[in-house]
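Engineer: Just so it is clear, I am handing over run.pdb, which has PDB, C-alpha atoms and all ligand atoms.
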ATOM      1  CA  MET A  27      -0.068  57.067   9.316
ATOM      2  CA  THR A  28      -2.883  57.064   6.814
ATOM      3  CA  ALA A  29      -5.155  54.319   5.602
ATOM      4  CA  SER A  30      -7.661  54.361   2.804
ATOM      5  CA  ALA A  31     -10.467  51.857   2.204
ATOM      6  CA  THR A  32      -9.549  51.282  -1.433
ATOM      7  CA  PRO A  33      -5.823  51.790  -1.892
ATOM      8  CA  GLU A  34      -4.717  53.062  -5.298
ATOM      9  CA  ALA A  35      -1.929  50.478  -5.258
ATOM     10  CA  ALA A  36      -1.134  47.359  -3.282
ATOM     11  CA  VAL A  37       2.395  48.638  -2.709
ATOM     12  CA  LEU A  38       3.989  52.026  -3.237
ATOM     13  CA  ALA A  39       7.652  52.488  -2.427
ATOM     14  CA  ASP A  40       8.705  56.095  -2.811
ATOM     15  CA  ASP A  41      12.417  56.908  -2.608
ATOM     16  CA  LEU A  42      12.612  54.251   0.092
ATOM     17  CA  ALA A  43      15.787  53.959   2.171
ATOM     18  CA  VAL A  44      16.182  51.130   4.682
ATOM     19  CA  GLU A  45      18.907  50.401   7.208
ATOM     20  CA  TYR A  46      19.800  47.677   9.645
ATOM     21  CA  PRO A  47      20.709  49.406  12.920
ATOM     22  CA  ALA A  48      24.239  49.381  14.284
ATOM     23  CA  ARG A  49      25.148  46.384  16.372
ATOM     24  CA  ARG A  50      28.615  46.280  17.864
ATOM     25  CA  PRO A  51      31.073  45.950  16.207
ATOM     26  CA  SER A  52      29.103  46.743  13.008
ATOM     27  CA  ALA A  53      27.991  50.224  11.918
ATOM     28  CA  PRO A  54      24.438  50.713  10.562
ATOM     29  CA  HIS A  55      24.040  49.069   7.172
ATOM     30  CA  ARG A  56      22.090  50.765   4.375
ATOM     31  CA  ALA A  57      20.402  47.876   2.546
ATOM     32  CA  LEU A  58      18.023  49.865   0.296
ATOM     33  CA  ASP A  59      18.498  53.329  -1.121
ATOM     34  CA  GLY A  60      16.132  55.416  -3.242
ATOM     35  CA  VAL A  61      13.846  52.512  -4.158
ATOM     36  CA  SER A  62      10.674  53.568  -5.938
ATOM     37  CA  LEU A  63       8.248  50.893  -7.049
ATOM     38  CA  ARG A  64       4.509  50.507  -7.587
ATOM     39  CA  VAL A  65       2.586  47.251  -7.427
ATOM     40  CA  GLY A  66      -0.960  47.753  -8.630
ATOM     41  CA  VAL A  67      -3.958  46.091  -7.019
ATOM     42  CA  ASP A  68      -4.166  42.595  -8.564
ATOM     43  CA  GLU A  69      -0.668  42.919 -10.012
ATOM     44  CA  ILE A  70       2.108  40.391  -9.436
ATOM     45  CA  ILE A  71       5.591  41.781  -9.622
ATOM     46  CA  GLY A  72       8.926  39.963  -9.490
ATOM     47  CA  ILE A  73      12.132  41.011  -7.736
ATOM     48  CA  ILE A  74      15.466  39.754  -8.980
ATOM     49  CA  GLY A  75      19.074  40.563  -8.181
ATOM     50  CA  GLU A  76      22.343  39.098  -7.030
ATOM     51  CA  THR A  77      23.043  38.009  -3.500
ATOM     52  CA  GLY A  78      23.102  40.889  -1.022
ATOM     53  CA  ALA A  79      21.239  43.222  -3.422
ATOM     54  CA  GLY A  80      18.516  43.860  -0.841
ATOM     55  CA  LYS A  81      15.713  41.610  -2.126
ATOM     56  CA  SER A  82      14.878  39.971   1.214
ATOM     57  CA  THR A  83      15.115  43.324   2.959
ATOM     58  CA  LEU A  84      12.581  44.815   0.551
ATOM     59  CA  ALA A  85      10.350  41.774   1.075
ATOM     60  CA  ARG A  86      10.607  42.103   4.865
ATOM     61  CA  VAL A  87       9.757  45.803   4.812
ATOM     62  CA  LEU A  88       6.772  45.368   2.486
ATOM     63  CA  ALA A  89       5.517  42.487   4.647
ATOM     64  CA  GLY A  90       5.659  44.753   7.692
ATOM     65  CA  ASP A  91       8.415  42.685   9.316
ATOM     66  CA  LEU A  92       9.719  45.769  11.117
ATOM     67  CA  VAL A  93       9.739  44.674  14.740
ATOM     68  CA  THR A  94      12.719  42.948  16.351
ATOM     69  CA  PRO A  95      11.639  40.230  18.786
ATOM     70  CA  LYS A  96      13.966  39.915  21.782
ATOM     71  CA  GLY A  97      17.150  37.986  21.103
ATOM     72  CA  THR A  98      16.867  38.046  17.307
ATOM     73  CA  ASP A  99      18.783  39.921  14.593
ATOM     74  CA  PRO A 100      17.657  43.529  14.153
ATOM     75  CA  ALA A 101      14.719  44.124  11.863
ATOM     76  CA  PRO A 102      15.120  46.614   8.994
ATOM     77  CA  VAL A 103      14.222  50.245   9.702
ATOM     78  CA  ILE A 104      12.785  52.719   7.180
ATOM     79  CA  VAL A 105      15.110  55.730   7.387
ATOM     80  CA  GLY A 106      14.088  57.617   4.245
ATOM     81  CA  GLY A 107      11.183  57.930   1.836
ATOM     82  CA  GLU A 108       8.085  55.844   2.405
ATOM     83  CA  ALA A 109       6.571  52.418   1.830
ATOM     84  CA  THR A 110       2.795  52.345   1.589
ATOM     85  CA  VAL A 111       1.171  48.918   1.763
ATOM     86  CA  LEU A 112      -2.557  48.454   1.130
ATOM     87  CA  GLY A 113      -3.023  52.157   1.807
ATOM     88  CA  SER A 114      -1.056  52.340   5.075
ATOM     89  CA  ARG A 115       2.236  54.147   5.427
ATOM     90  CA  LEU A 116       4.792  51.972   7.169
ATOM     91  CA  ARG A 117       7.382  54.566   8.209
ATOM     92  CA  GLY A 118       7.018  55.090  11.953
ATOM     93  CA  ILE A 119       3.777  53.078  11.967
ATOM     94  CA  ARG A 120       2.327  52.189  15.389
ATOM     95  CA  ARG A 121       2.244  48.548  16.369
ATOM     96  CA  ARG A 122      -1.565  48.359  16.401
ATOM     97  CA  GLU A 123      -1.887  49.798  12.917
ATOM     98  CA  LEU A 124       0.923  47.520  11.711
ATOM     99  CA  ASP A 125      -1.004  44.492  13.025
ATOM    100  CA  ARG A 126      -4.076  45.734  11.151
ATOM    101  CA  VAL A 127      -2.102  45.941   7.879
ATOM    102  CA  THR A 128      -0.264  42.642   8.265
ATOM    103  CA  PHE A 129      -3.620  40.923   8.848
ATOM    104  CA  LYS A 130      -4.101  41.226   5.076
ATOM    105  CA  VAL A 131      -0.499  40.535   4.062
ATOM    106  CA  ALA A 132       1.158  37.123   3.994
ATOM    107  CA  HIS A 133       4.931  36.810   4.179
ATOM    108  CA  LEU A 134       6.832  33.753   3.071
ATOM    109  CA  PRO A 135      10.355  34.443   4.350
ATOM    110  CA  GLN A 136      13.380  32.923   2.642
ATOM    111  CA  ASP A 137      13.942  30.442   5.467
ATOM    112  CA  ALA A 138      10.253  29.604   6.045
ATOM    113  CA  ALA A 139      10.729  25.891   5.343
ATOM    114  CA  SER A 140      13.369  25.545   8.038
ATOM    115  CA  ARG A 141      11.300  27.502  10.561
ATOM    116  CA  LEU A 142       8.247  25.215  10.660
ATOM    117  CA  THR A 143       7.388  24.404  14.290
ATOM    118  CA  PRO A 144       9.285  21.113  14.775
ATOM    119  CA  GLU A 145       6.955  19.598  17.383
ATOM    120  CA  ARG A 146       3.748  20.192  15.394
ATOM    121  CA  THR A 147       2.207  18.109  12.629
ATOM    122  CA  VAL A 148       1.723  19.461   9.114
ATOM    123  CA  SER A 149      -1.978  19.902   9.774
ATOM    124  CA  GLU A 150      -1.313  21.897  12.981
ATOM    125  CA  ILE A 151       1.345  23.998  11.247
ATOM    126  CA  ILE A 152      -0.888  25.014   8.330
ATOM    127  CA  ALA A 153      -3.671  25.865  10.816
ATOM    128  CA  GLU A 154      -1.375  28.052  12.989
ATOM    129  CA  PRO A 155      -2.274  31.408  11.360
ATOM    130  CA  ILE A 156      -6.005  30.678  11.751
ATOM    131  CA  LEU A 157      -5.721  29.740  15.432
ATOM    132  CA  GLN A 158      -3.427  32.700  16.141
ATOM    133  CA  ARG A 159      -6.282  34.942  15.007
ATOM    134  CA  ASP A 160      -9.079  32.980  16.651
ATOM    135  CA  ARG A 161      -8.389  30.177  19.119
ATOM    136  CA  HIS A 162     -12.009  29.044  19.017
ATOM    137  CA  TYR A 163     -12.359  28.819  15.238
ATOM    138  CA  ASN A 164     -14.527  25.892  14.099
ATOM    139  CA  ARG A 165     -12.291  22.783  13.986
ATOM    140  CA  LYS A 166     -14.170  21.200  11.071
ATOM    141  CA  ALA A 167     -13.818  24.360   8.980
ATOM    142  CA  ILE A 168     -10.094  24.479   9.814
ATOM    143  CA  GLY A 169      -9.669  20.846   8.761
ATOM    144  CA  LEU A 170     -11.361  21.563   5.451
ATOM    145  CA  ARG A 171      -9.267  24.666   4.801
ATOM    146  CA  VAL A 172      -6.024  22.837   5.676
ATOM    147  CA  ALA A 173      -6.905  19.966   3.323
ATOM    148  CA  THR A 174      -7.718  22.456   0.534
ATOM    149  CA  MET A 175      -4.378  24.211   0.981
ATOM    150  CA  LEU A 176      -2.506  20.915   1.043
ATOM    151  CA  ASP A 177      -4.197  19.903  -2.199
ATOM    152  CA  ALA A 178      -3.367  23.305  -3.719
ATOM    153  CA  VAL A 179       0.357  22.702  -3.187
ATOM    154  CA  GLN A 180      -0.047  19.112  -4.440
ATOM    155  CA  LEU A 181       0.818  17.314  -1.230
ATOM    156  CA  PRO A 182      -1.083  14.116  -0.363
ATOM    157  CA  LEU A 183      -3.390  14.023   2.663
ATOM    158  CA  ALA A 184      -1.049  11.364   4.083
ATOM    159  CA  VAL A 185       1.412  14.110   5.136
ATOM    160  CA  LEU A 186      -1.167  15.797   7.422
ATOM    161  CA  ASP A 187      -0.003  13.841  10.484
ATOM    162  CA  LYS A 188       3.704  14.004   9.714
ATOM    163  CA  PHE A 189       6.237  16.222  11.469
ATOM    164  CA  PRO A 190       8.566  18.562   9.522
ATOM    165  CA  PHE A 191      11.604  16.303  10.055
ATOM    166  CA  GLU A 192       9.774  13.510   8.218
ATOM    167  CA  LEU A 193       9.409  15.610   5.049
ATOM    168  CA  SER A 194      11.815  16.408   2.210
ATOM    169  CA  SER A 195      12.968  20.039   1.978
ATOM    170  CA  GLY A 196      10.732  20.592  -1.059
ATOM    171  CA  GLN A 197       7.729  19.209   0.843
ATOM    172  CA  ARG A 198       8.551  21.487   3.796
ATOM    173  CA  GLN A 199       8.653  24.462   1.428
ATOM    174  CA  ARG A 200       5.205  23.534   0.101
ATOM    175  CA  VAL A 201       3.870  23.283   3.660
ATOM    176  CA  ALA A 202       5.314  26.757   4.338
ATOM    177  CA  ILE A 203       3.553  28.084   1.229
ATOM    178  CA  ALA A 204       0.252  26.490   2.279
ATOM    179  CA  LYS A 205       0.595  28.013   5.750
ATOM    180  CA  SER A 206       1.408  31.469   4.400
ATOM    181  CA  LEU A 207      -1.663  31.466   2.149
ATOM    182  CA  VAL A 208      -4.167  29.782   4.457
ATOM    183  CA  LEU A 209      -5.895  33.047   5.447
ATOM    184  CA  GLY A 210      -6.413  34.155   1.846
ATOM    185  CA  PRO A 211      -4.267  37.306   1.951
ATOM    186  CA  GLU A 212      -4.771  40.384  -0.231
ATOM    187  CA  LEU A 213      -1.018  40.676  -0.702
ATOM    188  CA  TRP A 214       1.544  37.862  -0.763
ATOM    189  CA  ILE A 215       5.199  38.696  -0.268
ATOM    190  CA  ALA A 216       7.090  35.536  -1.121
ATOM    191  CA  ASP A 217      10.861  35.174  -0.925
ATOM    192  CA  GLU A 218      12.041  32.417  -3.288
ATOM    193  CA  PRO A 219       8.715  30.507  -3.147
ATOM    194  CA  THR A 220       9.838  27.680  -5.422
ATOM    195  CA  ALA A 221      13.222  27.174  -3.723
ATOM    196  CA  GLY A 222      13.930  23.481  -3.240
ATOM    197  CA  ILE A 223      10.715  22.448  -4.990
ATOM    198  CA  ASP A 224      11.126  19.822  -7.703
ATOM    199  CA  VAL A 225      10.568  21.230 -11.205
ATOM    200  CA  THR A 226       7.834  18.661 -11.793
ATOM    201  CA  VAL A 227       5.633  20.193  -9.060
ATOM    202  CA  ARG A 228       6.609  23.852  -9.486
ATOM    203  CA  GLY A 229       3.664  24.160 -11.873
ATOM    204  CA  ALA A 230       1.420  23.661  -8.818
ATOM    205  CA  ILE A 231       2.654  26.979  -7.441
ATOM    206  CA  ASN A 232       1.874  28.723 -10.742
ATOM    207  CA  ASP A 233      -1.585  27.167 -10.736
ATOM    208  CA  LEU A 234      -2.159  28.178  -7.116
ATOM    209  CA  ILE A 235      -1.257  31.791  -7.891
ATOM    210  CA  GLY A 236      -3.600  31.692 -10.888
ATOM    211  CA  ARG A 237      -6.437  30.406  -8.706
ATOM    212  CA  LEU A 238      -5.856  33.042  -6.007
ATOM    213  CA  ARG A 239      -6.090  35.736  -8.684
ATOM    214  CA  GLU A 240      -9.380  34.321  -9.926
ATOM    215  CA  GLU A 241     -10.817  34.051  -6.403
ATOM    216  CA  GLY A 242     -10.576  37.763  -5.632
ATOM    217  CA  SER A 243      -8.290  40.690  -5.078
ATOM    218  CA  PHE A 244      -4.759  39.288  -4.943
ATOM    219  CA  SER A 245      -1.446  41.071  -5.445
ATOM    220  CA  ALA A 246       1.996  39.627  -4.932
ATOM    221  CA  VAL A 247       5.672  40.453  -4.782
ATOM    222  CA  LEU A 248       7.751  37.411  -5.725
ATOM    223  CA  VAL A 249      11.469  37.476  -4.983
ATOM    224  CA  SER A 250      12.682  34.741  -7.293
ATOM    225  CA  HIS A 251      15.369  33.520  -9.646
ATOM    226  CA  ASP A 252      12.928  30.992 -11.085
ATOM    227  CA  LEU A 253      12.652  32.429 -14.603
ATOM    228  CA  SER A 254       9.787  30.117 -15.496
ATOM    229  CA  LEU A 255       7.769  31.302 -12.473
ATOM    230  CA  LEU A 256       8.523  34.948 -13.301
ATOM    231  CA  ARG A 257       7.519  34.467 -16.947
ATOM    232  CA  ARG A 258       4.263  32.760 -16.079
ATOM    233  CA  THR A 259       3.107  34.958 -13.205
ATOM    234  CA  THR A 260       4.541  38.467 -13.590
ATOM    235  CA  CYS A 261       4.201  41.243 -16.148
ATOM    236  CA  ARG A 262       7.025  43.262 -14.628
ATOM    237  CA  VAL A 263      10.159  42.441 -12.692
ATOM    238  CA  ALA A 264      12.346  44.883 -10.764
ATOM    239  CA  ALA A 265      16.089  44.228 -10.814
ATOM    240  CA  LEU A 266      17.941  45.273  -7.662
ATOM    241  CA  GLU A 267      21.635  45.980  -7.395
ATOM    242  CA  SER A 268      23.318  47.228  -4.220
ATOM    243  CA  GLY A 269      19.994  48.327  -2.759
ATOM    244  CA  ARG A 270      18.810  50.222  -5.833
ATOM    245  CA  VAL A 271      16.368  49.442  -8.643
ATOM    246  CA  VAL A 272      18.475  49.205 -11.802
ATOM    247  CA  GLY A 273      15.872  47.797 -14.159
ATOM    248  CA  LEU A 274      12.106  47.379 -14.355
ATOM    249  CA  GLY A 275      10.157  45.597 -17.054
ATOM    250  CA  PRO A 276       9.093  42.217 -18.439
ATOM    251  CA  ILE A 277      11.636  39.545 -17.411
ATOM    252  CA  ASP A 278      12.687  38.755 -20.988
ATOM    253  CA  GLU A 279      13.312  42.436 -21.747
ATOM    254  CA  LEU A 280      15.499  42.700 -18.659
ATOM    255  CA  LEU A 281      17.442  39.586 -19.623
ATOM    256  CA  ALA A 282      17.863  40.709 -23.231
ATOM    257  CA  GLY A 283      18.857  44.241 -22.227
ATOM    258  CA  GLY A 284      22.264  43.106 -21.009
ATOM    259  CA  GLN A 285      22.927  46.368 -19.124
ATOM    260  CA  HIS A 286      23.807  44.599 -15.913
ATOM    261  CA  PRO A 287      26.335  41.791 -15.507
ATOM    262  CA  PHE A 288      24.000  39.887 -13.171
ATOM    263  CA  LEU A 289      21.147  39.881 -15.717
ATOM    264  CA  SER A 290      23.487  38.972 -18.601
ATOM    265  CA  GLY A 291      24.854  36.141 -16.461
ATOM    266  CA  LEU A 292      21.348  34.808 -15.840
ATOM    267  CA  ALA A 293      20.470  34.993 -19.559
ATOM    268  CA  ASP A 294      23.744  33.230 -20.495
ATOM    269  CA  ALA A 295      23.164  30.500 -17.913
ATOM    270  CA  GLU A 296      19.664  29.883 -19.293
ATOM    271  CA  ASN A 297      20.923  29.811 -22.901
ATOM    272  CA  ARG A 298      23.600  27.277 -21.952
ATOM    273  CA  VAL A 299      21.015  25.014 -20.300
ATOM    274  CA  THR A 300      18.764  25.278 -23.396
ATOM    275  CA  ALA A 301      21.699  24.548 -25.758
ATOM    276  CA  ASP A 302      22.627  21.504 -23.642
ATOM    277  CA  GLY A 303      19.057  20.280 -23.963
ATOM    278  CA  GLY A 304      18.382  20.817 -20.219
TER     279      GLY A 304
HETATM  280  N1  LIG B   1      19.866  41.662  10.128
HETATM  281  C1  LIG B   1      20.805  42.273   9.388
HETATM  282  N2  LIG B   1      21.693  43.124   9.987
HETATM  283  C2  LIG B   1      22.643  43.762   9.256
HETATM  284  N3  LIG B   1      22.775  43.652   7.919
HETATM  285  C3  LIG B   1      21.931  42.824   7.277
HETATM  286  C4  LIG B   1      20.909  42.089   7.971
HETATM  287  N4  LIG B   1      20.220  41.350   7.071
HETATM  288  C5  LIG B   1      20.786  41.616   5.863
HETATM  289  N5  LIG B   1      21.802  42.491   5.984
HETATM  290  C6  LIG B   1      22.647  43.052   4.894
HETATM  291  O1  LIG B   1      21.800  43.808   4.039
HETATM  292  C7  LIG B   1      22.158  43.605   2.660
HETATM  293  C8  LIG B   1      20.950  43.104   1.890
HETATM  294  O2  LIG B   1      20.637  41.810   2.387
HETATM  295  P1  LIG B   1      19.409  40.973   1.805
HETATM  296  O3  LIG B   1      19.286  39.740   2.617
HETATM  297  O4  LIG B   1      18.235  41.868   1.692
HETATM  298  O5  LIG B   1      19.945  40.619   0.325
HETATM  299  P2  LIG B   1      19.342  39.611  -0.740
HETATM  300  O6  LIG B   1      19.342  40.312  -2.049
HETATM  301  O7  LIG B   1      18.059  39.061  -0.279
HETATM  302  O8  LIG B   1      20.453  38.453  -0.747
HETATM  303  P3  LIG B   1      20.253  36.863  -0.947
HETATM  304  O9  LIG B   1      19.900  36.651  -2.395
HETATM  305  O10 LIG B   1      21.609  36.315  -0.614
HETATM  306  O11 LIG B   1      19.194  36.420  -0.008
HETATM  307  C9  LIG B   1      23.338  42.617   2.661
HETATM  308  O12 LIG B   1      24.519  43.378   2.555
HETATM  309  C10 LIG B   1      23.243  41.939   4.011
HETATM  310  O13 LIG B   1      24.507  41.562   4.466
END
Mind turning the file's structure into structure tokens?
Structural biologist:
Amino acid sequence: MTASATPEAAVLADDLAVEYPARRPSAPHRALDGVSLRVGVDEIIGIIGETGAGKSTLARVLAGDLVTPKGTDPAPVIVGGEATVLGSRLRGIRRRELDRVTFKVAHLPQDAASRLTPERTVSEIIAEPILQRDRHYNRKAIGLRVATMLDAVQLPLAVLDKFPFELSSGQRQRVAIAKSLVLGPELWIADEPTAGIDVTVRGAINDLIGRLREEGSFSAVLVSHDLSLLRRTTCRVAALESGRVVGLGPIDELLAGGQHPFLSGLADAENRVTADGG
């Protein structure tokens, strides 16, 4: 375990191999193999790939989601190579050091919108990460921060007192985004951030990312099939296939390259929508 004050990269994956442990009747499952990737400080990188390619696993590992709470599915385990996040090596990392790293990393898991605490209001949900860190944090300051985050994801203040079941799925996703970013992380690992969000308000997520970059040091890994989001926010996208990186570059170069059926399929689908006037 090493940590440096100014990491040379936000994320460094070096020949990373990740498995899900065996659970009867299943054998261990290798979800990532030989993944090498660098995300510079202040860089935003995209991750794309077909279902089962290992995108969420990579997101979980980089977000430090490596501990299995009792009664849940096993967390991924680093079995080869290394993942270094904000200067700390994650392989075999001790729990205390992991907590120190994840303090600066925000994770928006794929199912975040469906995991909002059902018995809490939107305002309480967005404030959860603050109160988990400091139960006595100034209530007025929390209220202000929550309102700012709500505005950033273009939700009206009227939803503050609503419960998750009273919101549309797109609104729930925006609440999940607001919650994940409320502490102002140095690194945001977001798994399908615009999933379920109406195209007319997706621009709000682009704008929010732009603002976070202006406010200070902000790096991100965005797992997404939203080509518009990837075009607007990332310079490079990594394409995953069966747990390996099979392409890395600007999204339009990857799509035009046509080396991989998944990428060609995406490009064709987009061309069809454009030709149909969609
Ligand atoms: N908890 C788990 N235990 C065992 N295997 C798992 C677990 N979670 C995922 N896997 C397997 O690991 C592989 C990678 O899964 P992952 O969820 O990372 O893919 P993905 O690219 O995010 O797919 P999707 O786009 O469908 O979300 C898949 O074969 C999946 O079945």
Engineer: Any chance you could work out the residue set of the PyMOL selection byres (((not hetatm)) within 9 of (chain B and resi 1)) here, as a ChimeraX atom specification?
Structural biologist: /A:45-49,52-58,74-86,98-102,136,217-218,249-250,266-269
Engineer: Tell me, in Å to one decimal, how far atom CA of A:Leu256 is from atom CA of A:Ile71.
Structural biologist: 8.3 Å
Engineer: Can you spell out as a list in words the set of residues that the PyMOL selection byres (((chain A and resi 199) around 8) and not hetatm) selects in the structure I just provided?
Structural biologist: Ala138, Ala139, Ser195, Gly196, Gln197, Arg198, Arg200, Val201, Ala202, Ile203, Pro219, Thr220, Ala221, Gly222 and Ile223 of chain A
Engineer: Which residues, named as in the file, does the PyMOL selection byres (((chain A and resi 235) around 10) and not hetatm) pick out? Answer as a list in words.
Structural biologist: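 What the PyMOL selection byres (((chain A and resi 235) around 10) and not hetatm) grabs from the file is Ile70, Ala178, Trp214, Gly229, Ala230, Ile231, Asn232, Asp233, Leu234, Gly236, Arg237, Leu238, Arg239, Glu240, Glu241, Phe244, Ser245, Ala246, Arg258 and Thr259 of chain A.
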Engineer: Using all atoms listed in the file for the distances, tell me which of A:Ile156, A:Val299, A:Val272, A:Leu112 is nearest to A:Lys130.
Structural biologist: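 Using all atoms listed in the file, the shortest distance to A:Lys130 belongs to A:Leu112.
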Engineer: May I ask which of the residues A:Leu124, A:Arg270, A:Leu176, A:Leu157 is the closest one to A:Val44, counting all atoms listed in the file?
Structural biologist: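 Smallest separation from A:Val44 among the options: A:Arg270.
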Engineer: List the neighbours of stretch 146-153 of chain A out to 9 Å using only C-alpha atoms; skip same-chain residues closer than 3 positions along the sequence, and give me the result as a VMD selection string.
Structural biologist: chain A and resid 142 to 143 156 to 158 168 to 169 171 to 173 175 to 176 185 to 190 198 201 to 208
Engineer: Could the residues in this selection be saved with C-alpha atoms as a PDB file, in the coordinates of the input?
Structural biologist:
ATOM      1  CA  LEU A 142       8.247  25.215  10.660  1.00  0.00           C
ATOM      2  CA  THR A 143       7.388  24.404  14.290  1.00  0.00           C
ATOM      3  CA  ILE A 156      -6.005  30.678  11.751  1.00  0.00           C
ATOM      4  CA  LEU A 157      -5.721  29.740  15.432  1.00  0.00           C
ATOM      5  CA  GLN A 158      -3.427  32.700  16.141  1.00  0.00           C
ATOM      6  CA  ILE A 168     -10.094  24.479   9.814  1.00  0.00           C
ATOM      7  CA  GLY A 169      -9.669  20.846   8.761  1.00  0.00           C
ATOM      8  CA  ARG A 171      -9.267  24.666   4.801  1.00  0.00           C
ATOM      9  CA  VAL A 172      -6.024  22.837   5.676  1.00  0.00           C
ATOM     10  CA  ALA A 173      -6.905  19.966   3.323  1.00  0.00           C
ATOM     11  CA  MET A 175      -4.378  24.211   0.981  1.00  0.00           C
ATOM     12  CA  LEU A 176      -2.506  20.915   1.043  1.00  0.00           C
ATOM     13  CA  VAL A 185       1.412  14.110   5.136  1.00  0.00           C
ATOM     14  CA  LEU A 186      -1.167  15.797   7.422  1.00  0.00           C
ATOM     15  CA  ASP A 187      -0.003  13.841  10.484  1.00  0.00           C
ATOM     16  CA  LYS A 188       3.704  14.004   9.714  1.00  0.00           C
ATOM     17  CA  PHE A 189       6.237  16.222  11.469  1.00  0.00           C
ATOM     18  CA  PRO A 190       8.566  18.562   9.522  1.00  0.00           C
ATOM     19  CA  ARG A 198       8.551  21.487   3.796  1.00  0.00           C
ATOM     20  CA  VAL A 201       3.870  23.283   3.660  1.00  0.00           C
ATOM     21  CA  ALA A 202       5.314  26.757   4.338  1.00  0.00           C
ATOM     22  CA  ILE A 203       3.553  28.084   1.229  1.00  0.00           C
ATOM     23  CA  ALA A 204       0.252  26.490   2.279  1.00  0.00           C
ATOM     24  CA  LYS A 205       0.595  28.013   5.750  1.00  0.00           C
ATOM     25  CA  SER A 206       1.408  31.469   4.400  1.00  0.00           C
ATOM     26  CA  LEU A 207      -1.663  31.466   2.149  1.00  0.00           C
ATOM     27  CA  VAL A 208      -4.167  29.782   4.457  1.00  0.00           C
TER      28      VAL A 208
END
Engineer: For atom CA of A:Phe288 and atom CA of A:Gly275, quote the distance in Å rounded to one decimal.
Structural biologist: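 Taking atom CA of A:Phe288 as the start and atom CA of A:Gly275 as the end point, the length is 15.5 Å.
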Engineer: If you measure from atom CA of A:Asp125 to atom CA of A:Val111, what distance in Å do you get, rounded to one decimal?
Structural biologist: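 Atom-to-atom, atom CA of A:Asp125 and atom CA of A:Val111 are spaced 12.3 Å apart.
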